[in-house]
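This is target_2.cif. It holds mmCIF, N, CA and C atoms.
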data_model
loop_
_atom_site.label_atom_id
_atom_site.label_comp_id
_atom_site.auth_asym_id
_atom_site.auth_seq_id
_atom_site.Cartn_x
_atom_site.Cartn_y
_atom_site.Cartn_z
N MET A 1 -2.98 -12.73 -61.76
CA MET A 1 -3.71 -11.62 -61.21
C MET A 1 -4.68 -12.09 -60.12
N ILE A 2 -5.41 -13.19 -60.39
CA ILE A 2 -6.36 -13.72 -59.41
C ILE A 2 -5.63 -14.22 -58.18
N ASP A 3 -4.45 -14.86 -58.37
CA ASP A 3 -3.69 -15.35 -57.23
C ASP A 3 -3.23 -14.21 -56.33
N ASN A 4 -2.80 -13.11 -56.93
CA ASN A 4 -2.41 -11.94 -56.14
C ASN A 4 -3.59 -11.40 -55.35
N TRP A 5 -4.75 -11.38 -55.97
CA TRP A 5 -5.97 -10.93 -55.29
C TRP A 5 -6.27 -11.83 -54.10
N ARG A 6 -6.17 -13.14 -54.27
CA ARG A 6 -6.44 -14.10 -53.18
C ARG A 6 -5.43 -13.92 -52.04
N ILE A 7 -4.18 -13.74 -52.40
CA ILE A 7 -3.14 -13.54 -51.37
C ILE A 7 -3.43 -12.26 -50.59
N TRP A 8 -3.73 -11.18 -51.31
CA TRP A 8 -4.03 -9.91 -50.67
C TRP A 8 -5.26 -10.02 -49.77
N LYS A 9 -6.30 -10.70 -50.29
CA LYS A 9 -7.54 -10.86 -49.53
C LYS A 9 -7.29 -11.68 -48.26
N LYS A 10 -6.47 -12.72 -48.39
CA LYS A 10 -6.14 -13.57 -47.23
C LYS A 10 -5.38 -12.76 -46.18
N LYS A 11 -4.43 -11.95 -46.62
CA LYS A 11 -3.67 -11.11 -45.68
C LYS A 11 -4.57 -10.10 -45.00
N LEU A 12 -5.48 -9.51 -45.77
CA LEU A 12 -6.42 -8.53 -45.21
C LEU A 12 -7.31 -9.18 -44.16
N CYS A 13 -7.85 -10.35 -44.47
CA CYS A 13 -8.71 -11.07 -43.52
C CYS A 13 -7.93 -11.44 -42.26
N SER A 14 -6.71 -11.88 -42.43
CA SER A 14 -5.88 -12.24 -41.29
C SER A 14 -5.61 -11.01 -40.41
N PHE A 15 -5.31 -9.88 -41.05
CA PHE A 15 -5.06 -8.64 -40.32
C PHE A 15 -6.31 -8.22 -39.54
N GLN A 16 -7.46 -8.26 -40.19
CA GLN A 16 -8.71 -7.87 -39.53
C GLN A 16 -9.04 -8.81 -38.38
N TYR A 17 -8.80 -10.09 -38.57
CA TYR A 17 -9.06 -11.07 -37.52
C TYR A 17 -8.17 -10.78 -36.30
N ASN A 18 -6.90 -10.50 -36.54
CA ASN A 18 -5.99 -10.18 -35.44
C ASN A 18 -6.39 -8.90 -34.72
N GLN A 19 -6.93 -7.94 -35.47
CA GLN A 19 -7.42 -6.70 -34.85
C GLN A 19 -8.60 -7.00 -33.93
N VAL A 20 -9.52 -7.84 -34.37
CA VAL A 20 -10.68 -8.19 -33.56
C VAL A 20 -10.23 -8.94 -32.30
N LEU A 21 -9.28 -9.85 -32.43
CA LEU A 21 -8.77 -10.55 -31.25
C LEU A 21 -8.14 -9.59 -30.26
N ALA A 22 -7.37 -8.63 -30.76
CA ALA A 22 -6.75 -7.64 -29.88
C ALA A 22 -7.80 -6.79 -29.18
N GLN A 23 -8.85 -6.41 -29.90
CA GLN A 23 -9.91 -5.61 -29.30
C GLN A 23 -10.64 -6.40 -28.22
N GLU A 24 -10.88 -7.69 -28.48
CA GLU A 24 -11.55 -8.53 -27.49
C GLU A 24 -10.68 -8.68 -26.24
N GLU A 25 -9.39 -8.88 -26.45
CA GLU A 25 -8.48 -9.00 -25.32
C GLU A 25 -8.48 -7.71 -24.49
N MET A 26 -8.47 -6.57 -25.16
CA MET A 26 -8.49 -5.29 -24.46
C MET A 26 -9.81 -5.11 -23.70
N LEU A 27 -10.92 -5.54 -24.29
CA LEU A 27 -12.21 -5.45 -23.62
C LEU A 27 -12.19 -6.23 -22.30
N TRP A 28 -11.71 -7.47 -22.35
CA TRP A 28 -11.68 -8.29 -21.13
C TRP A 28 -10.70 -7.72 -20.11
N PHE A 29 -9.58 -7.18 -20.59
CA PHE A 29 -8.62 -6.54 -19.68
C PHE A 29 -9.26 -5.35 -18.98
N GLN A 30 -9.97 -4.52 -19.75
CA GLN A 30 -10.62 -3.34 -19.17
C GLN A 30 -11.70 -3.74 -18.18
N LYS A 31 -12.46 -4.80 -18.49
CA LYS A 31 -13.49 -5.26 -17.56
C LYS A 31 -12.88 -5.73 -16.26
N SER A 32 -11.78 -6.45 -16.34
CA SER A 32 -11.15 -6.94 -15.12
C SER A 32 -10.58 -5.77 -14.31
N ARG A 33 -9.99 -4.78 -15.00
CA ARG A 33 -9.45 -3.60 -14.31
C ARG A 33 -10.58 -2.80 -13.66
N GLU A 34 -11.73 -2.73 -14.34
CA GLU A 34 -12.86 -2.00 -13.79
C GLU A 34 -13.29 -2.61 -12.47
N GLN A 35 -13.37 -3.93 -12.43
CA GLN A 35 -13.75 -4.59 -11.18
C GLN A 35 -12.70 -4.35 -10.11
N TRP A 36 -11.43 -4.40 -10.52
CA TRP A 36 -10.37 -4.18 -9.52
C TRP A 36 -10.45 -2.76 -8.97
N VAL A 37 -10.67 -1.79 -9.82
CA VAL A 37 -10.77 -0.40 -9.37
C VAL A 37 -11.97 -0.24 -8.47
N ARG A 38 -13.08 -0.89 -8.83
CA ARG A 38 -14.31 -0.73 -8.07
C ARG A 38 -14.22 -1.43 -6.71
N TYR A 39 -13.68 -2.67 -6.69
CA TYR A 39 -13.73 -3.46 -5.47
C TYR A 39 -12.35 -3.76 -4.86
N GLY A 40 -11.30 -3.49 -5.60
CA GLY A 40 -9.98 -3.95 -5.21
C GLY A 40 -9.42 -3.35 -3.94
N ASN A 41 -9.72 -2.12 -3.64
CA ASN A 41 -9.14 -1.47 -2.48
C ASN A 41 -10.01 -1.57 -1.24
N LYS A 42 -11.09 -2.28 -1.35
CA LYS A 42 -11.98 -2.44 -0.21
C LYS A 42 -11.73 -3.80 0.43
N ASN A 43 -12.05 -3.90 1.69
CA ASN A 43 -11.87 -5.14 2.41
C ASN A 43 -13.05 -6.07 2.10
N THR A 44 -13.05 -6.61 0.88
CA THR A 44 -14.15 -7.44 0.42
C THR A 44 -13.64 -8.83 0.08
N LYS A 45 -14.57 -9.73 -0.12
CA LYS A 45 -14.22 -11.09 -0.54
C LYS A 45 -13.49 -11.06 -1.88
N PHE A 46 -13.93 -10.16 -2.76
CA PHE A 46 -13.29 -10.02 -4.07
C PHE A 46 -11.82 -9.67 -3.90
N PHE A 47 -11.53 -8.70 -3.05
CA PHE A 47 -10.15 -8.27 -2.82
C PHE A 47 -9.31 -9.42 -2.27
N HIS A 48 -9.81 -10.14 -1.30
CA HIS A 48 -9.06 -11.25 -0.70
C HIS A 48 -8.85 -12.37 -1.72
N THR A 49 -9.86 -12.66 -2.52
CA THR A 49 -9.73 -13.70 -3.53
C THR A 49 -8.68 -13.32 -4.56
N GLN A 50 -8.71 -12.07 -5.03
CA GLN A 50 -7.72 -11.62 -6.01
C GLN A 50 -6.31 -11.68 -5.43
N THR A 51 -6.16 -11.33 -4.16
CA THR A 51 -4.85 -11.37 -3.51
C THR A 51 -4.35 -12.81 -3.42
N ILE A 52 -5.21 -13.72 -3.02
CA ILE A 52 -4.82 -15.13 -2.90
C ILE A 52 -4.46 -15.70 -4.27
N ILE A 53 -5.23 -15.36 -5.29
CA ILE A 53 -4.93 -15.84 -6.64
C ILE A 53 -3.57 -15.32 -7.08
N GLY A 54 -3.29 -14.04 -6.82
CA GLY A 54 -2.00 -13.47 -7.18
C GLY A 54 -0.85 -14.14 -6.46
N LEU A 55 -1.02 -14.42 -5.17
CA LEU A 55 0.03 -15.09 -4.41
C LEU A 55 0.29 -16.49 -4.94
N ARG A 56 -0.77 -17.22 -5.24
CA ARG A 56 -0.60 -18.58 -5.78
C ARG A 56 0.04 -18.56 -7.15
N ARG A 57 -0.33 -17.58 -7.97
CA ARG A 57 0.22 -17.50 -9.32
C ARG A 57 1.71 -17.19 -9.28
N ASN A 58 2.14 -16.40 -8.30
CA ASN A 58 3.52 -15.96 -8.22
C ASN A 58 4.41 -16.88 -7.40
N LYS A 59 3.86 -17.91 -6.79
CA LYS A 59 4.65 -18.80 -5.94
C LYS A 59 5.25 -19.94 -6.77
N ILE A 60 6.53 -20.18 -6.53
CA ILE A 60 7.19 -21.31 -7.17
C ILE A 60 6.97 -22.53 -6.29
N THR A 61 6.26 -23.51 -6.81
CA THR A 61 5.96 -24.70 -6.01
C THR A 61 6.88 -25.86 -6.33
N GLY A 62 7.59 -25.77 -7.44
CA GLY A 62 8.50 -26.85 -7.80
C GLY A 62 9.41 -26.44 -8.94
N LEU A 63 10.55 -27.13 -9.04
CA LEU A 63 11.51 -26.88 -10.11
C LEU A 63 12.02 -28.19 -10.67
N ASP A 64 12.37 -28.15 -11.94
CA ASP A 64 13.02 -29.29 -12.58
C ASP A 64 14.52 -29.15 -12.34
N ILE A 65 15.05 -29.97 -11.47
CA ILE A 65 16.47 -29.90 -11.13
C ILE A 65 17.14 -31.15 -11.65
N GLY A 66 17.89 -31.00 -12.72
CA GLY A 66 18.60 -32.13 -13.30
C GLY A 66 17.67 -33.23 -13.80
N GLY A 67 16.51 -32.84 -14.33
CA GLY A 67 15.57 -33.83 -14.86
C GLY A 67 14.64 -34.43 -13.82
N ILE A 68 14.74 -33.99 -12.58
CA ILE A 68 13.88 -34.50 -11.49
C ILE A 68 13.06 -33.34 -10.95
N TRP A 69 11.75 -33.54 -10.86
CA TRP A 69 10.87 -32.50 -10.33
C TRP A 69 10.99 -32.48 -8.82
N CYS A 70 11.37 -31.31 -8.29
CA CYS A 70 11.60 -31.17 -6.86
C CYS A 70 10.59 -30.20 -6.27
N ILE A 71 9.99 -30.59 -5.12
CA ILE A 71 9.05 -29.70 -4.44
C ILE A 71 9.48 -29.40 -3.00
N ASP A 72 10.63 -29.92 -2.58
CA ASP A 72 11.15 -29.68 -1.23
C ASP A 72 11.57 -28.21 -1.12
N GLU A 73 10.97 -27.47 -0.18
CA GLU A 73 11.19 -26.03 -0.08
C GLU A 73 12.64 -25.68 0.22
N GLU A 74 13.32 -26.47 1.02
CA GLU A 74 14.72 -26.18 1.34
C GLU A 74 15.61 -26.34 0.11
N VAL A 75 15.36 -27.38 -0.68
CA VAL A 75 16.14 -27.59 -1.90
C VAL A 75 15.83 -26.48 -2.91
N LEU A 76 14.56 -26.11 -3.02
CA LEU A 76 14.19 -25.02 -3.92
C LEU A 76 14.89 -23.72 -3.54
N GLU A 77 14.89 -23.42 -2.26
CA GLU A 77 15.53 -22.20 -1.79
C GLU A 77 17.02 -22.22 -2.11
N THR A 78 17.67 -23.33 -1.85
CA THR A 78 19.11 -23.46 -2.13
C THR A 78 19.39 -23.29 -3.62
N GLU A 79 18.59 -23.94 -4.46
CA GLU A 79 18.78 -23.86 -5.91
C GLU A 79 18.58 -22.45 -6.44
N VAL A 80 17.56 -21.76 -5.94
CA VAL A 80 17.28 -20.40 -6.40
C VAL A 80 18.41 -19.46 -5.97
N VAL A 81 18.85 -19.57 -4.73
CA VAL A 81 19.94 -18.72 -4.25
C VAL A 81 21.21 -18.98 -5.05
N THR A 82 21.52 -20.25 -5.29
CA THR A 82 22.70 -20.61 -6.08
C THR A 82 22.60 -20.05 -7.49
N PHE A 83 21.44 -20.19 -8.10
CA PHE A 83 21.23 -19.68 -9.46
C PHE A 83 21.48 -18.18 -9.54
N PHE A 84 20.88 -17.43 -8.61
CA PHE A 84 21.02 -15.97 -8.67
C PHE A 84 22.42 -15.51 -8.29
N LYS A 85 23.06 -16.19 -7.35
CA LYS A 85 24.45 -15.84 -7.02
C LYS A 85 25.33 -16.04 -8.25
N LYS A 86 25.15 -17.16 -8.92
CA LYS A 86 25.94 -17.46 -10.10
C LYS A 86 25.65 -16.47 -11.23
N THR A 87 24.38 -16.18 -11.45
CA THR A 87 23.97 -15.28 -12.53
C THR A 87 24.43 -13.85 -12.28
N LEU A 88 24.27 -13.37 -11.06
CA LEU A 88 24.58 -11.98 -10.75
C LEU A 88 26.07 -11.73 -10.52
N SER A 89 26.82 -12.78 -10.28
CA SER A 89 28.27 -12.59 -10.05
C SER A 89 29.06 -12.58 -11.35
N GLU A 90 28.43 -12.95 -12.45
CA GLU A 90 29.13 -12.99 -13.75
C GLU A 90 29.28 -11.62 -14.35
#

Representation of the structure as structure tokens:
Amino acid sequence: MIDNWRIWKKKLCSFQYNQVLAQEEMLWFQKSREQWVRYGNKNTKFFHTQTIIGLRRNKITGLDIGGIWCIDEEVLETEVVTFFKKTLSE
């Protein structure tokens, strides 16, 4: 009986902890969206910084090709085109 109580209590605590983490994540997401809504569409330093961060985050700077890290842009372009041609033609 005591073991069942401990298991239940542990599951409850774990559930509550995950709820708090989710709430904290949502809070930070909302704060970041608030700043974007407030400053994002204006020609401000904030807007330019966010744009640059987004571009850097979305840019592929290198790929592991056959166990070798490659950063040559021409090779990267060729590999990506080959990959998508092969994937989309199947």

One decimal, in Å: what's the spacing between atom C of Lys59 (chain A) and atom C of Lys85 (chain A)? 20.5 Å

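Between atom N of Thr82 (chain A) and atom N of Ile65 (chain A) the interatomic distance comes to 13.2 Å.
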
Leaving out Gly62 (chain A) and any residue of its chain fewer than 6 positions from it, which residues lie within 8 Å of it when counting only N, CA and C atoms, given as a PyMOL selection string? chain A and resi 69-72+76

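Between atom C of Val80 (chain A) and CA of Ile60 (chain A) the interatomic distance comes to 11.4 Å.
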
Can you pull out every residue from chain A that DSSP, working from the backbone, puts in helix (DSSP H, G or I), and format the result as a PyMOL selection string? chain A and resi 2-39+45-58+73-89

What are the DSSP strand (DSSP E or B) residues of chain A, as a PyMOL selection string? chain A and resi 63-65+68-70

Keeping only N, CA and C atoms, take the residues you just selected and write them out as a JSON list (two decimals), keeping the file's coordinate frame.
[["chain", "number", "residue", "atom", "x", "y", "z"],
["A", 63, "LEU", "N", 10.55, -27.13, -9.04],
["A", 63, "LEU", "CA", 11.51, -26.88, -10.11],
["A", 63, "LEU", "C", 12.02, -28.19, -10.67],
["A", 64, "ASP", "N", 12.37, -28.15, -11.94],
["A", 64, "ASP", "CA", 13.02, -29.29, -12.58],
["A", 64, "ASP", "C", 14.52, -29.15, -12.34],
["A", 65, "ILE", "N", 15.05, -29.97, -11.47],
["A", 65, "ILE", "CA", 16.47, -29.90, -11.13],
["A", 65, "ILE", "C", 17.14, -31.15, -11.65],
["A", 68, "ILE", "N", 14.74, -33.99, -12.58],
["A", 68, "ILE", "CA", 13.88, -34.50, -11.49],
["A", 68, "ILE", "C", 13.06, -33.34, -10.95],
["A", 69, "TRP", "N", 11.75, -33.54, -10.86],
["A", 69, "TRP", "CA", 10.87, -32.50, -10.33],
["A", 69, "TRP", "C", 10.99, -32.48, -8.82],
["A", 70, "CYS", "N", 11.37, -31.31, -8.29],
["A", 70, "CYS", "CA", 11.60, -31.17, -6.86],
["A", 70, "CYS", "C", 10.59, -30.20, -6.27]]

Neighbouring residues of Glu73 (chain A) were defined as those with any atom within 8 Å, considering all atoms listed in the file; residues of the same chain fewer than 5 positions away were excluded. Please report them as a list in words. Thr61, Thr78 and Glu79 of chain A
